Each structure stands twice: as C-alpha cells, then as structure tokens.
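Data file: my_file_32.cif. Format and content: mmCIF, C-alpha atoms.
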```cif
data_entry
#
loop_
_atom_site.label_atom_id
_atom_site.label_comp_id
_atom_site.auth_asym_id
_atom_site.auth_seq_id
_atom_site.Cartn_x
_atom_site.Cartn_y
_atom_site.Cartn_z
CA MET A 1 103.71 138.32 91.96
CA ASP A 2 107.40 138.27 92.96
CA GLY A 3 110.40 137.91 90.62
CA LYS A 4 110.83 134.20 91.32
CA SER A 5 107.19 133.51 90.50
CA ASN A 6 107.52 135.49 87.27
CA LEU A 7 110.57 133.43 86.33
CA ILE A 8 108.71 130.19 87.01
CA GLU A 9 105.73 131.34 84.93
CA ARG A 10 107.98 132.31 82.01
CA SER A 11 109.78 128.97 82.22
CA ARG A 12 106.50 127.07 82.12
CA ALA A 13 105.21 129.17 79.24
CA GLU A 14 108.26 128.17 77.19
CA ARG A 15 107.54 124.47 77.72
CA ILE A 16 105.42 122.36 75.42
CA GLU A 17 102.50 121.51 77.69
CA TRP A 18 101.31 118.40 75.84
CA LEU A 19 104.87 117.04 75.79
CA ASP A 20 104.98 117.38 79.58
CA GLU A 21 101.63 115.57 79.71
CA ILE A 22 103.07 112.62 77.78
CA LYS A 23 106.00 112.57 80.21
CA GLY A 24 103.43 112.58 83.02
CA ILE A 25 101.84 109.42 81.62
CA LEU A 26 105.26 107.82 81.14
CA ILE A 27 106.43 108.48 84.69
CA VAL A 28 103.25 106.91 86.11
CA LEU A 29 103.97 103.89 83.93
CA VAL A 30 107.54 103.78 85.24
CA VAL A 31 106.30 103.71 88.84
CA LEU A 32 103.62 101.14 88.02
CA GLY A 33 106.07 99.01 86.02
CA HIS A 34 108.48 98.81 88.93
CA THR A 35 105.58 97.96 91.24
CA LEU A 36 104.54 95.08 88.98
CA ALA A 37 108.12 93.86 88.52
CA GLY A 38 109.16 90.54 89.99
CA GLN A 39 107.55 87.14 89.79
CA ARG A 40 104.11 88.48 88.82
CA ALA A 41 105.65 90.08 85.70
CA GLN A 42 106.43 86.61 84.34
CA ASN A 43 102.83 85.46 84.50
CA MET A 44 100.59 85.48 81.43
CA ASP A 45 97.82 87.36 83.20
CA MET A 46 96.75 91.00 83.51
CA PHE A 47 99.84 91.78 85.65
CA GLY A 48 102.26 90.25 83.18
CA ILE A 49 100.55 91.69 80.08
CA LEU A 50 100.47 95.22 81.52
CA HIS A 51 104.07 94.91 82.65
CA TYR A 52 105.08 93.77 79.15
CA LEU A 53 103.29 96.68 77.44
CA ILE A 54 104.87 99.19 79.81
CA TYR A 55 108.40 97.87 79.42
CA SER A 56 108.20 97.57 75.66
CA VAL A 57 108.07 101.31 75.09
CA HIS A 58 108.30 103.58 78.17
CA MET A 59 112.07 104.12 78.40
CA PRO A 60 112.68 104.49 74.63
CA MET A 61 109.92 107.11 74.54
CA PHE A 62 111.49 108.96 77.46
CA MET A 63 114.74 108.93 75.46
CA LEU A 64 112.94 110.23 72.34
CA ILE A 65 111.51 113.15 74.31
CA SER A 66 114.78 113.75 76.17
CA GLY A 67 116.56 114.00 72.82
CA TYR A 68 114.11 116.62 71.60
CA LEU A 69 114.50 118.60 74.82
CA SER A 70 118.30 118.49 74.53
CA LYS A 71 118.52 120.92 71.61
CA LYS A 72 119.82 123.66 73.86
CA GLN A 73 123.53 123.05 74.41
CA ILE A 74 124.74 122.93 78.00
CA SER A 75 128.21 123.21 79.50
CA ILE A 76 130.00 120.25 81.03
CA LYS A 77 129.63 121.89 84.45
CA LYS A 78 125.85 122.15 84.04
CA ALA A 79 125.65 118.56 82.76
CA ILE A 80 127.55 117.39 85.84
CA LYS A 81 125.22 119.39 88.07
CA ASP A 82 121.96 118.31 86.37
CA TYR A 83 122.78 114.64 85.74
CA LEU A 84 125.98 113.29 87.26
CA ILE A 85 125.56 114.66 90.79
CA PRO A 86 121.95 113.36 91.11
CA TYR A 87 123.09 110.01 89.72
CA ILE A 88 125.90 109.57 92.25
CA PHE A 89 123.79 110.88 95.15
CA PHE A 90 120.74 108.67 94.57
CA ASP A 91 122.66 105.61 93.42
CA LEU A 92 124.67 105.64 96.65
CA LEU A 93 121.54 106.38 98.68
CA TYR A 94 119.78 103.37 97.15
CA ILE A 95 122.79 101.14 97.83
CA ILE A 96 122.59 102.18 101.51
CA TRP A 97 118.82 101.58 101.46
CA GLU A 98 119.30 98.07 100.08
CA ALA A 99 122.02 97.29 102.62
CA LEU A 100 119.75 98.41 105.49
CA ARG A 101 117.08 96.02 104.17
CA GLY A 102 119.56 93.15 104.36
CA ILE A 103 120.08 92.86 100.61
CA ASP A 104 123.56 92.02 99.38
CA VAL A 105 124.77 94.97 97.29
CA SER A 106 128.02 96.16 95.77
CA LEU A 107 129.31 99.66 96.46
CA ASN A 108 130.31 100.44 92.89
CA ILE A 109 128.79 103.49 91.20
CA LEU A 110 130.42 102.50 87.89
CA PHE A 111 127.62 99.95 87.58
CA PRO A 112 124.28 101.77 88.08
CA THR A 113 121.93 100.37 90.69
CA TYR A 114 118.32 99.62 89.73
CA VAL A 115 116.75 102.58 87.85
CA TYR A 116 119.61 105.04 88.01
CA TRP A 117 121.18 104.05 84.70
CA TYR A 118 118.80 106.46 82.95
CA ILE A 119 120.13 109.71 84.37
CA LEU A 120 123.73 108.53 83.89
CA ALA A 121 122.91 107.67 80.26
CA LEU A 122 121.43 111.14 79.78
CA PHE A 123 124.61 112.69 81.14
CA ILE A 124 126.75 110.74 78.66
CA MET A 125 124.44 111.53 75.73
CA ARG A 126 124.30 115.26 76.52
CA ILE A 127 128.08 115.41 76.67
CA MET A 128 128.41 113.55 73.38
CA ILE A 129 126.02 115.71 71.38
CA ALA A 130 127.82 118.77 72.71
CA LYS A 131 131.35 117.56 71.93
CA ILE A 132 131.16 115.12 68.98
CA ASN A 133 130.43 116.02 65.36
CA MET A 134 126.79 115.32 64.40
CA VAL A 135 127.83 113.49 61.22
CA ILE A 136 130.22 111.19 63.08
CA LEU A 137 127.81 110.28 65.91
CA PRO A 138 125.34 108.04 63.98
CA VAL A 139 128.21 106.20 62.27
CA LEU A 140 130.02 105.75 65.58
CA PHE A 141 126.97 104.32 67.29
CA GLY A 142 126.17 102.08 64.36
CA ILE A 143 129.59 100.47 64.75
CA LEU A 144 129.35 100.30 68.53
CA SER A 145 125.91 98.68 68.32
CA PHE A 146 127.27 95.65 66.47
CA ALA A 147 130.38 95.52 68.68
CA SER A 148 128.32 95.57 71.89
CA VAL A 149 126.91 92.07 71.29
CA LEU A 150 130.46 90.71 71.56
CA VAL A 151 130.82 91.70 75.22
CA THR A 152 129.28 90.12 78.31
CA GLU A 153 126.24 91.63 79.97
CA HIS A 154 128.47 92.69 82.90
CA VAL A 155 130.70 94.73 80.58
CA TRP A 156 127.60 96.02 78.76
CA SER A 157 126.30 97.36 82.11
CA PHE A 158 129.47 99.36 82.86
CA MET A 159 128.41 103.01 83.32
CA ALA A 160 125.19 102.18 81.45
CA LEU A 161 127.20 102.29 78.20
CA GLY A 162 125.27 99.38 76.67
CA ARG A 163 122.00 101.22 77.14
CA VAL A 164 123.56 104.43 75.86
CA ILE A 165 124.54 102.64 72.66
CA LEU A 166 121.18 100.89 72.30
CA LEU A 167 119.01 103.93 73.00
CA PHE A 168 121.10 106.67 71.45
CA GLY A 169 119.42 106.17 68.07
CA ILE A 170 115.96 107.09 69.37
CA PHE A 171 117.49 109.91 71.45
CA TYR A 172 119.17 111.22 68.29
CA ILE A 173 115.91 111.13 66.32
CA GLY A 174 114.32 113.31 69.01
CA TYR A 175 117.31 115.62 69.01
CA ARG A 176 117.17 116.12 65.24
CA CYS A 177 113.37 116.46 65.06
CA PRO A 178 112.46 119.97 63.80
CA GLU A 179 110.14 122.00 66.01
CA ASN A 180 107.58 122.50 63.25
CA ALA A 181 107.45 118.73 62.60
CA LEU A 182 106.64 118.10 66.26
CA LYS A 183 103.83 120.66 66.18
CA ASN A 184 102.37 119.17 62.99
CA VAL A 185 102.06 115.74 64.63
CA ARG A 186 98.96 116.88 66.52
CA ASN A 187 97.14 117.85 63.33
CA HIS A 188 96.54 114.22 62.36
CA ARG A 189 94.33 112.87 65.13
CA ALA A 190 92.60 110.04 63.25
CA LEU A 191 95.88 108.75 61.85
CA GLY A 192 97.60 108.95 65.24
CA VAL A 193 94.83 107.02 66.99
CA SER A 194 94.87 104.38 64.24
CA VAL A 195 98.65 103.98 64.46
CA GLY A 196 98.47 103.62 68.26
CA ILE A 197 95.78 100.93 68.10
CA ILE A 198 97.76 99.01 65.45
CA CYS A 199 100.93 99.19 67.57
CA LEU A 200 99.11 97.89 70.66
CA LEU A 201 97.50 95.05 68.72
CA LEU A 202 100.82 94.06 67.17
CA GLU A 203 102.54 94.10 70.57
CA LEU A 204 99.85 91.83 72.00
CA ALA A 205 100.12 89.54 68.97
CA LEU A 206 103.89 89.24 69.52
CA LEU A 207 103.27 88.51 73.20
CA TYR A 208 100.75 85.74 72.53
CA ALA A 209 103.03 84.31 69.83
CA GLY A 210 105.79 84.08 72.41
CA ILE A 211 108.07 86.46 70.50
CA THR A 212 109.11 88.65 73.43
CA ASP A 213 112.91 88.38 73.57
CA VAL A 214 113.18 91.46 71.38
CA THR A 215 110.07 93.41 72.38
CA TRP A 216 110.12 93.04 76.18
CA ALA A 217 112.37 95.43 78.11
CA THR A 218 113.61 97.22 75.00
CA HIS A 219 116.44 98.84 76.94
CA ASP A 220 118.00 95.51 77.99
CA TYR A 221 121.00 93.54 76.79
CA SER A 222 120.89 91.65 73.47
CA SER A 223 123.17 88.68 72.92
CA SER A 224 123.13 88.53 69.10
CA ILE A 225 123.30 90.90 66.14
CA SER A 226 119.91 89.70 64.84
CA ASP A 227 118.27 90.44 68.20
CA TYR A 228 119.95 93.82 68.23
CA LEU A 229 118.70 94.72 64.77
CA LEU A 230 115.17 93.59 65.57
CA LYS A 231 115.25 95.53 68.83
CA TYR A 232 116.33 98.65 66.95
CA ILE A 233 113.49 98.25 64.46
CA PHE A 234 110.99 97.68 67.25
CA ILE A 235 112.23 100.67 69.24
CA PHE A 236 112.04 103.03 66.27
CA VAL A 237 108.70 101.85 64.88
CA PHE A 238 106.75 101.25 68.09
CA THR A 239 108.18 104.14 70.11
CA ILE A 240 107.46 106.68 67.36
CA GLY A 241 104.07 105.08 66.68
CA MET A 242 102.99 105.19 70.32
CA PHE A 243 104.38 108.72 70.70
CA PHE A 244 102.24 109.75 67.72
CA PHE A 245 99.21 108.17 69.43
CA LEU A 246 99.81 109.91 72.77
CA ALA A 247 100.54 113.24 71.07
CA VAL A 248 97.16 113.40 69.33
CA ILE A 249 95.09 112.38 72.37
CA MET A 250 96.62 114.91 74.77
CA PRO A 251 94.17 117.73 75.56
CA ASN A 252 94.85 121.34 74.55
CA LYS A 253 94.33 122.63 78.08
CA SER A 254 96.74 122.15 80.98
CA ILE A 255 95.99 119.19 83.26
CA ILE A 256 97.73 117.62 86.23
CA LEU A 257 99.73 115.34 83.92
CA ALA A 258 101.81 118.39 82.94
CA ARG A 259 103.09 118.83 86.51
CA TRP A 260 103.91 115.14 86.72
CA GLY A 261 105.88 115.38 83.49
CA ARG A 262 107.53 118.67 84.36
CA ASN A 263 108.96 117.15 87.55
CA SER A 264 109.30 113.59 86.23
CA ILE A 265 113.04 113.35 86.89
CA LEU A 266 112.43 113.90 90.60
CA VAL A 267 109.74 111.20 90.65
CA TYR A 268 112.12 108.89 88.79
CA LEU A 269 114.92 109.40 91.31
CA ILE A 270 112.85 108.97 94.49
CA HIS A 271 110.07 106.52 93.61
CA PRO A 272 112.12 103.28 94.07
CA PHE A 273 112.12 103.78 97.84
CA PHE A 274 108.32 104.15 97.96
CA VAL A 275 107.77 101.24 95.57
CA ASP A 276 109.92 98.99 97.76
CA ILE A 277 107.81 99.90 100.80
CA GLU A 278 104.57 99.40 98.88
CA LYS A 279 105.63 95.95 97.63
CA ALA A 280 106.82 94.94 101.11
CA VAL A 281 103.45 95.88 102.61
CA ALA A 282 101.56 94.00 99.86
CA ASN A 283 103.69 90.89 100.41
CA ARG A 284 103.34 91.13 104.18
CA LEU A 285 99.56 91.32 103.92
CA SER A 286 99.53 88.42 101.43
CA ILE A 287 97.00 90.21 99.22
CA ALA A 288 95.69 87.98 96.44
CA GLU A 289 96.89 88.93 92.97
CA ASN A 290 93.59 89.84 91.43
CA THR A 291 91.88 92.80 89.79
CA LEU A 292 91.56 94.59 93.13
CA LEU A 293 95.31 94.41 93.76
CA LEU A 294 96.01 95.73 90.25
CA ILE A 295 93.67 98.67 90.90
CA ILE A 296 95.45 99.31 94.21
CA PHE A 297 98.82 99.31 92.43
CA VAL A 298 97.57 101.72 89.74
CA VAL A 299 96.11 104.10 92.34
CA ALA A 300 99.31 103.88 94.40
CA ALA A 301 101.43 104.68 91.32
CA VAL A 302 99.29 107.77 90.66
CA ILE A 303 99.53 108.89 94.29
CA ILE A 304 103.30 108.37 94.47
CA THR A 305 103.75 110.30 91.22
CA ASP A 306 101.47 113.12 92.31
CA VAL A 307 103.11 113.58 95.71
CA LEU A 308 106.71 113.37 94.50
CA SER A 309 106.03 115.79 91.63
CA MET A 310 104.83 118.59 93.91
CA ASP A 311 106.77 121.79 93.37
CA ILE A 312 107.69 121.97 97.05
CA PHE A 313 109.75 118.78 96.68
CA LYS A 314 111.23 119.98 93.40
CA ASP A 315 112.37 123.18 95.13
CA ALA A 316 113.93 121.18 97.97
CA TYR A 317 115.67 118.93 95.46
CA ASN A 318 117.02 121.88 93.49
CA ASN A 319 118.29 123.54 96.66
CA CYS A 320 120.10 120.34 97.66
CA ILE A 321 121.72 119.86 94.24
CA ASN A 322 122.66 123.56 94.06
CA LYS A 323 124.42 123.36 97.43
CA ILE A 324 126.40 120.31 96.35
CA ALA A 325 127.29 122.03 93.07
CA LYS A 326 128.42 125.12 94.95
CA ILE A 327 130.68 123.06 97.19
CA LEU A 328 132.19 121.46 94.08
CA LYS A 329 132.52 124.90 92.45
CA LEU A 330 130.21 123.96 89.58
CA SER A 331 128.02 127.04 89.86
#
```
What's the structure tokens form of this structure?
Amino acid sequence: MDGKSNLIERSRAERIEWLDEIKGILIVLVVLGHTLAGQRAQNMDMFGILHYLIYSVHMPMFMLISGYLSKKQISIKKAIKDYLIPYIFFDLLYIIWEALRGIDVSLNILFPTYVYWYILALFIMRIMIAKINMVILPVLFGILSFASVLVTEHVWSFMALGRVILLFGIFYIGYRCPENALKNVRNHRALGVSVGIICLLLELALLYAGITDVTWATHDYSSSISDYLLKYIFIFVFTIGMFFFLAVIMPNKSIILARWGRNSILVYLIHPFFVDIEKAVANRLSIAENTLLLIIFVVAAVIITDVLSMDIFKDAYNNCINKIAKILKLS
C-alpha cells in the first residue's frame, strides 16, 4: 500500500464511523428534500408529510454534527480554502446554470443562491469560534437572535447571517459536547429509540394540528420574537432527540452510509444540478404523483448520493480546490 493510501486509511480510522453514517442519512434526506420541494411540498399527502419531516430537522442536525467536528482549530487560510472558495465557486456556477435555463437570477454572491448558504454559514461559524471568546459568543448570539426579527427577510439573508444566528446555538452545543458524552449516547439504545419515536409522533401531531410555522424549515426566517423562541426550543429538543435516535440505531460495522457521510459536503455542493435535471424530466413526462413516483424519487436520491460521494469525485474536487488555493497563495 502506498503512502497516500496509508494516509487515507489513518484519516478514516480517526473518524467516528457511526457519525459519518448519520451524515450519510442526512445527505440523502437533503437530496430527497430538494427533489420533493415545490408545489408538491405544500400538499397534505405523503410528499408533503415527508418533505415536512425532512425539513424540520435535517439542517439543524448537520449543524450539530458540524459543531462537534469543529473542535480542531483551523487557520483563516484553511477556512477560506475549505469553505469560502467552494461557496463562491459553486454559487457562481449555479447562477450560470440558472441563467442558461432561462431563470431570472441576480449575480450577487453576498446573497447565497439556493443551498449554498450552508457552507458560507460554516465558514463564518468556524472563524468565530476561532477568534471570539467562548464566554462572549453565546451572549452575543442571544442578543443578535432577538435583534434579527427586527430586520427584513432580505437583510436576514445577507451572507446567510440570519441562518448563522439562528443555527449557531445548535452548532455551539455540538462544539462544546465532550467526546466521552458522545460515545456514551450509544449505550442507551432503548431510551434513544423511545425518544426518536416520541419526537416523530409529536412532529406529526404538530403537522396535523396546523402548527407548522415554527417547525417547518427550521433554518428559515422568523418574523417575531415568539416564533424565534419557539423555533429555538424546537431545534434544540427535536434535533438532539432525533440525533439520539439515529445514534443508537447505527450499526457497529462500517456500511456504505459512512462513505456518503464522509463525502457529504461534495454531494451537497453538486446535487442541485442533478436534482434540477431529475425534476425537469419528471415534469416533462407528466408522471402522476403517487407512491411509484415517491419510490422513484427516493431511489434517485440514493443513486445521486452514492455516485457523487465516490472517492474519485472527492479526489477531483480536492485537486480543483487545491489548485485555486495555490493560485490565491492560500496553501
């Protein structure tokens, strides 16, 4: 085995396999959620219910895990290379893609396009935890949270700062979570399964009661302090509860989900282009929105995730980003 292969094996050995497996599930849900998005997401049927369940927890849980994985401090140069360069590159690429499809778009990277707010938000959060005192951060974001409801949604969207403020709390919980506490989570299987079932039932109860302004799309803009507080409570309780559930049901042996999770950022960056094509084909064929179509969408989400998470694409991506970083003298 060559030196590069040894390095890869050591890197994988240092990872928490079951955490990658949870990320693998989440990235499939991201792809599926964006496939279901649109008019069908507003319907009170299996499409709308699944879409609601996905959007109520998937991005906060990604932030929780990202916070935990951010314990190792990185330099500003590395943060720019790992987060800011991919954000600018793919955000501009998607703007061009939209323009070629005849969609009216604005060439303004200060307002993230479609899904790309997430990697920009990670960049901002990583910089903040590296440069701002840990005692000051929670207080600062508590104040900003209440202030953010006073601005318009357009201002809230500037550089994804509204989402940074809203989701930083769950990111911070992950960041401060001790390693031994995370390991102990998996020792309580019965409790974790029970908590997960309760969370799912409560989410469905809120849906059928019509109380979805707070629970649906937890990473979206809130127009009042009460909504903001309720959204915070929901994010903390349901995200941690569902994380507990997924943690205890993950197998002890390595499965394909680990590769999906390990390369989830690449899937996240590229999948919008494939989802757009998939939805265009489905609309062109006028396929009835029934159980068969939902199965097709689920299978397509799995295939897209599996293909885009292949190490060959990750290597190509890394080479591309490394070349850009070298030109900018960041490496």
Considering only C-alpha atoms, state which residue in the set A:Trp260, A:Asp276, A:Ile129, A:Ile170 is at the smallest distance from A:Ile303. A:Trp260
Using only C-alpha atoms, the residue out of A:Ala130, A:Met61, A:Arg101, A:Leu204 with shortest distance to A:Gly241 is A:Met61
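Going from atom CA of A:Ile124 to atom CA of A:Ser106 covers 22.5 Å.
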Test item: axis-aligned box, all listed atoms of stretch 98-117 of chain A, 5 Å on each side, centre and edges in Å rounded to one decimal, as JSON:
```
{"center_x": 123.6, "center_y": 98.5, "center_z": 95.1, "size_x": 23.7, "size_y": 23.0, "size_z": 30.8}
```
Once the PyMOL selection byres ((chain A and resi 112) around 8) has been applied to the shown file, what residues remain in the selection, as JSON, numbers by chain? {"A": [91, 108, 109, 110, 111, 113, 114, 115, 116, 117, 120, 157, 158, 159, 160]}
Select, counting all atoms listed in the file, all protein, DNA and RNA residues no farther than 10 Å from (97.8, 107.5, 62.7) in file coordinates, and express the selection as a PDB file with C-alpha atoms, in the frame of the given file.
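As written to disk, result_6.pdb reads:
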```pdb
ATOM      1  CA  VAL A 185     102.060 115.740  64.630  1.00  0.00           C
ATOM      2  CA  HIS A 188      96.540 114.220  62.360  1.00  0.00           C
ATOM      3  CA  ARG A 189      94.330 112.870  65.130  1.00  0.00           C
ATOM      4  CA  ALA A 190      92.600 110.040  63.250  1.00  0.00           C
ATOM      5  CA  LEU A 191      95.880 108.750  61.850  1.00  0.00           C
ATOM      6  CA  GLY A 192      97.600 108.950  65.240  1.00  0.00           C
ATOM      7  CA  VAL A 193      94.830 107.020  66.990  1.00  0.00           C
ATOM      8  CA  SER A 194      94.870 104.380  64.240  1.00  0.00           C
ATOM      9  CA  VAL A 195      98.650 103.980  64.460  1.00  0.00           C
ATOM     10  CA  GLY A 196      98.470 103.620  68.260  1.00  0.00           C
ATOM     11  CA  ILE A 197      95.780 100.930  68.100  1.00  0.00           C
ATOM     12  CA  ILE A 198      97.760  99.010  65.450  1.00  0.00           C
ATOM     13  CA  GLY A 241     104.070 105.080  66.680  1.00  0.00           C
ATOM     14  CA  MET A 242     102.990 105.190  70.320  1.00  0.00           C
ATOM     15  CA  PHE A 244     102.240 109.750  67.720  1.00  0.00           C
ATOM     16  CA  PHE A 245      99.210 108.170  69.430  1.00  0.00           C
ATOM     17  CA  VAL A 248      97.160 113.400  69.330  1.00  0.00           C
TER      18      VAL A 248
END
```
